[in-house]
Amino acid sequence: MNQEDIYNNVVRIVSKHAKDPDALSSIHPETHILNDLKVNSARLVDIVLDFEDTFDLEISDDDADRIATIGDAVQLVKALKN
Amino acid sequence: MLRRVVITGLGVVAPNANNTGEFVTALREGRSGLRFIPELEELGFACQVAAIPKGLESALQMIPGNLRLATNECMTYAAIAAMEAFQDAGLSPALGERPHEDTGAIIGTGIGGIDTFANRVYPNVQEHKIKRLGSTVVEQIMGSGSAARIAGILGLGNQVFSNSSACNTGTEALIMGMQRIQLGLADRMLVGGTEGSDPHTWAGFDSMKVLSRKFNHDPEAASRPMSESAGGFIPAAGAGVLVLEELETALKRSARIYAEVIGSAINCGGMKAGGTMTMPSPQGVQRCIRQAVLDAKIDPHAIDYINGHLTATIADPMELNNWSSALGREAGDFPWINSTKSLIGHSLGAAGAIEAVATILQLHYGFIHTSRNCEDFHPEIANFAQHVPSSTRDVPLTIAAKASFGFGDVNSCVIFRKWSV
């Protein structure tokens, strides 16, 4: 899976939980998942579970806690896949 | 002095209708929501008929996408019915950061999110996969899940909670919401009940042999309140929600008013004098009805119509006799009475709320829907048969009574007066 595929899947997964659908139209790597997309912070655990299923990997709690932006998630997945 | 409470909005998701407009038509036509359910046959249920709402795809789009991921079946029905009721009352969800501080919700359930428990919590815990439960399980199994979801969608800022008193739940919620407005603690309350359709909810009733099991081949005939051949109730799902509003508040905004809630009572038979966990005490039921009539300050003869609890069990004859004794009205002098459950089965915690919506619609539009499947009227109550419509009748109605009774020997009775300017 190349970086573009990872990015598209991360956006797809996070988008399901966005409270502000309008913010999705301008989504980019620096988009903050909680602040910009207004995702309920409790849903981060669901997003991480979805990452694990989609990318077939395991994400530790420490790594999960470091995800703030779309780009953070893409970089983490990329690193774990290599 | 207690404030007066009126009904300004209705919402319903029923096995024979997905909104109040469809529900009026379904009631008038005596349309059945009962179907043969192959899954119940596969699972070995003796009762293989149920009444489940269907065709809700477009209504589902009303629930924001991010919330649909954490909204199970009973929460979904409640949310759709609440949004309809709110809109029907001419109200809009709170915009910005300030909620509707004068508006709350009491949305009860008998069993609630057991589908979430059965399909997600239990298997994952058994397989030691706790992490797989994610963040969305708790809000779907907590008792107040449906009320909480509605509060979030509409932005309600008054008291928001769920009651639970088995099959009494929906009617009890209505009365509790009314009391909150009467006391001046809220100006508006969304009240009602909701129930999902999961076989895990119904299995215990099937094993108790209280579900209808002899009409699997003829599903629409399987719910037979007041008939000699009644052999149990048909399990059902759905939700009913009513907007209750303080009279002056409603008048000030020129709201359309369906009816006034003029009397009510909630009690328990205490499992004395024939009452048990599963059977109502006749004394308790009669005391509840009498208290509601007293509270309404009406002559019992003023009641035009009763929407009965009437589930199609052995308790039906007892219920008719209880109404007769409590109201002091013999069979020849009895009001009209019907069973909405003959059309849509028994949706447990939602039943009282859906049937309250049916009662208000019949009051408002002036008709009494047919009570189906009682051609072989129970001989113990044969004298009452003339007051049970075998086909829908157009009848001007002014005062209607609705009661629900539940496991735990608990009772609720509410009396409505049609609103006229």
# chains A, B, ... in the order shown; residues from 1 in each chain; ligands from 1

$ interface_residues --of "chain A" --to "chain B" --cutoff "8 Å" --atoms "only C-alpha atoms" --output "PyMOL selection string"
chain A and resi 16-19+42-43+45-46+49

$ write_last_selection --atoms "N, CA and C atoms" --output "mmCIF file, in the first residue's frame"
data_model
loop_
_atom_site.group_PDB
_atom_site.id
_atom_site.type_symbol
_atom_site.label_atom_id
_atom_site.label_comp_id
_atom_site.auth_asym_id
_atom_site.auth_seq_id
_atom_site.Cartn_x
_atom_site.Cartn_y
_atom_site.Cartn_z
ATOM 1 N N LYS A 16 -15.736 9.272 8.892
ATOM 2 C CA LYS A 16 -16.977 8.670 9.415
ATOM 3 C C LYS A 16 -17.372 9.261 10.754
ATOM 4 N N HIS A 17 -16.372 9.774 11.482
ATOM 5 C CA HIS A 17 -16.643 10.252 12.837
ATOM 6 C C HIS A 17 -16.701 11.774 12.928
ATOM 7 N N ALA A 18 -16.555 12.454 11.798
ATOM 8 C CA ALA A 18 -16.508 13.926 11.833
ATOM 9 C C ALA A 18 -17.871 14.506 12.168
ATOM 10 N N LYS A 19 -17.899 15.398 13.154
ATOM 11 C CA LYS A 19 -19.157 16.056 13.510
ATOM 12 C C LYS A 19 -19.439 17.203 12.558
ATOM 13 N N ALA A 42 -13.690 10.524 22.427
ATOM 14 C CA ALA A 42 -13.889 9.109 22.779
ATOM 15 C C ALA A 42 -13.784 8.211 21.551
ATOM 16 N N ARG A 43 -14.060 8.769 20.376
ATOM 17 C CA ARG A 43 -14.067 7.957 19.154
ATOM 18 C C ARG A 43 -12.669 7.626 18.639
ATOM 19 N N VAL A 45 -10.525 5.797 19.916
ATOM 20 C CA VAL A 45 -10.254 4.355 20.058
ATOM 21 C C VAL A 45 -10.906 3.561 18.917
ATOM 22 N N ASP A 46 -12.040 4.031 18.430
ATOM 23 C CA ASP A 46 -12.690 3.348 17.297
ATOM 24 C C ASP A 46 -11.890 3.575 16.014
ATOM 25 N N LEU A 49 -8.927 1.279 16.104
ATOM 26 C CA LEU A 49 -9.351 -0.101 15.787
ATOM 27 C C LEU A 49 -9.554 -0.262 14.283
#

$ residues_around --residues "range 379-391 of chain B" --least-positions-apart "4" --cutoff "7 Å" --atoms "only C-alpha atoms" --output "ChimeraX atom specification"
/B:228,317,331,334-338,369-372

$ select_by_dssp --residues "range 244-366 of chain B" --states "helix (DSSP H, G or I)" --output "MDAnalysis selection string"
chainID B and resid 247:252 282:296 300:302 315:327 331:333 341:344 348:365

$ closest_residue --among "A:Asn8, A:Thr54, A:Gln75, A:Ser60" --to "Ile27 in chain A" --atoms "only C-alpha atoms"
A:Asn8

$ select_by_dssp --residues "range 30-172 of chain B" --states "strand (DSSP E or B)" --output "MDAnalysis selection string"
chainID B and resid 34:36 49:51 100 103:108 156 160:161 165 167

$ write_last_selection --atoms "C-alpha atoms" --output "PDB file, in the first residue's frame"
ATOM      1  CA  LEU B  34     -47.394  -8.637  11.939  1.00  0.00           C
ATOM      2  CA  ARG B  35     -45.114 -10.837   9.828  1.00  0.00           C
ATOM      3  CA  PHE B  36     -43.667 -14.333   9.842  1.00  0.00           C
ATOM      4  CA  VAL B  49     -44.420 -14.032  14.212  1.00  0.00           C
ATOM      5  CA  ALA B  50     -43.277 -10.549  15.186  1.00  0.00           C
ATOM      6  CA  ALA B  51     -44.029  -6.941  14.362  1.00  0.00           C
ATOM      7  CA  HIS B 100     -33.172  24.397  24.862  1.00  0.00           C
ATOM      8  CA  THR B 103     -37.079  21.341  27.236  1.00  0.00           C
ATOM      9  CA  GLY B 104     -36.173  17.866  28.481  1.00  0.00           C
ATOM     10  CA  ALA B 105     -36.871  14.226  27.639  1.00  0.00           C
ATOM     11  CA  ILE B 106     -38.016  11.056  29.338  1.00  0.00           C
ATOM     12  CA  ILE B 107     -37.657   8.208  26.873  1.00  0.00           C
ATOM     13  CA  GLY B 108     -38.005   4.836  28.519  1.00  0.00           C
ATOM     14  CA  LEU B 156     -32.213  19.590  25.049  1.00  0.00           C
ATOM     15  CA  VAL B 160     -32.985  14.067  30.278  1.00  0.00           C
ATOM     16  CA  PHE B 161     -33.391  10.516  31.484  1.00  0.00           C
ATOM     17  CA  SER B 165     -41.166  -0.217  34.323  1.00  0.00           C
ATOM     18  CA  CYS B 167     -44.652  -2.837  29.681  1.00  0.00           C
TER      19      CYS B 167
END

$ residues_around --residues "Pro235 in chain B" --least-positions-apart "5" --cutoff "12 Å" --atoms "only C-alpha atoms" --output "ChimeraX atom specification"
/B:15,33-37,40,45,47-53,167,195-206,210-213,219,222-223,311-312,341-351

$ closest_residue --among "A:Val11, A:Leu57, A:Leu80, A:Ile47" --to "Glu30 in chain A" --atoms "only C-alpha atoms"
A:Val11

$ closest_residue --among "B:Asn72, B:Thr194, B:Asn158, B:Asn411" --to "Thr116 in chain B" --atoms "only C-alpha atoms"
B:Asn72

$ atom_distance --atom1 "CA of Lys402 in chain B" --atom2 "CA of Gly308 in chain B"
6.2 Å
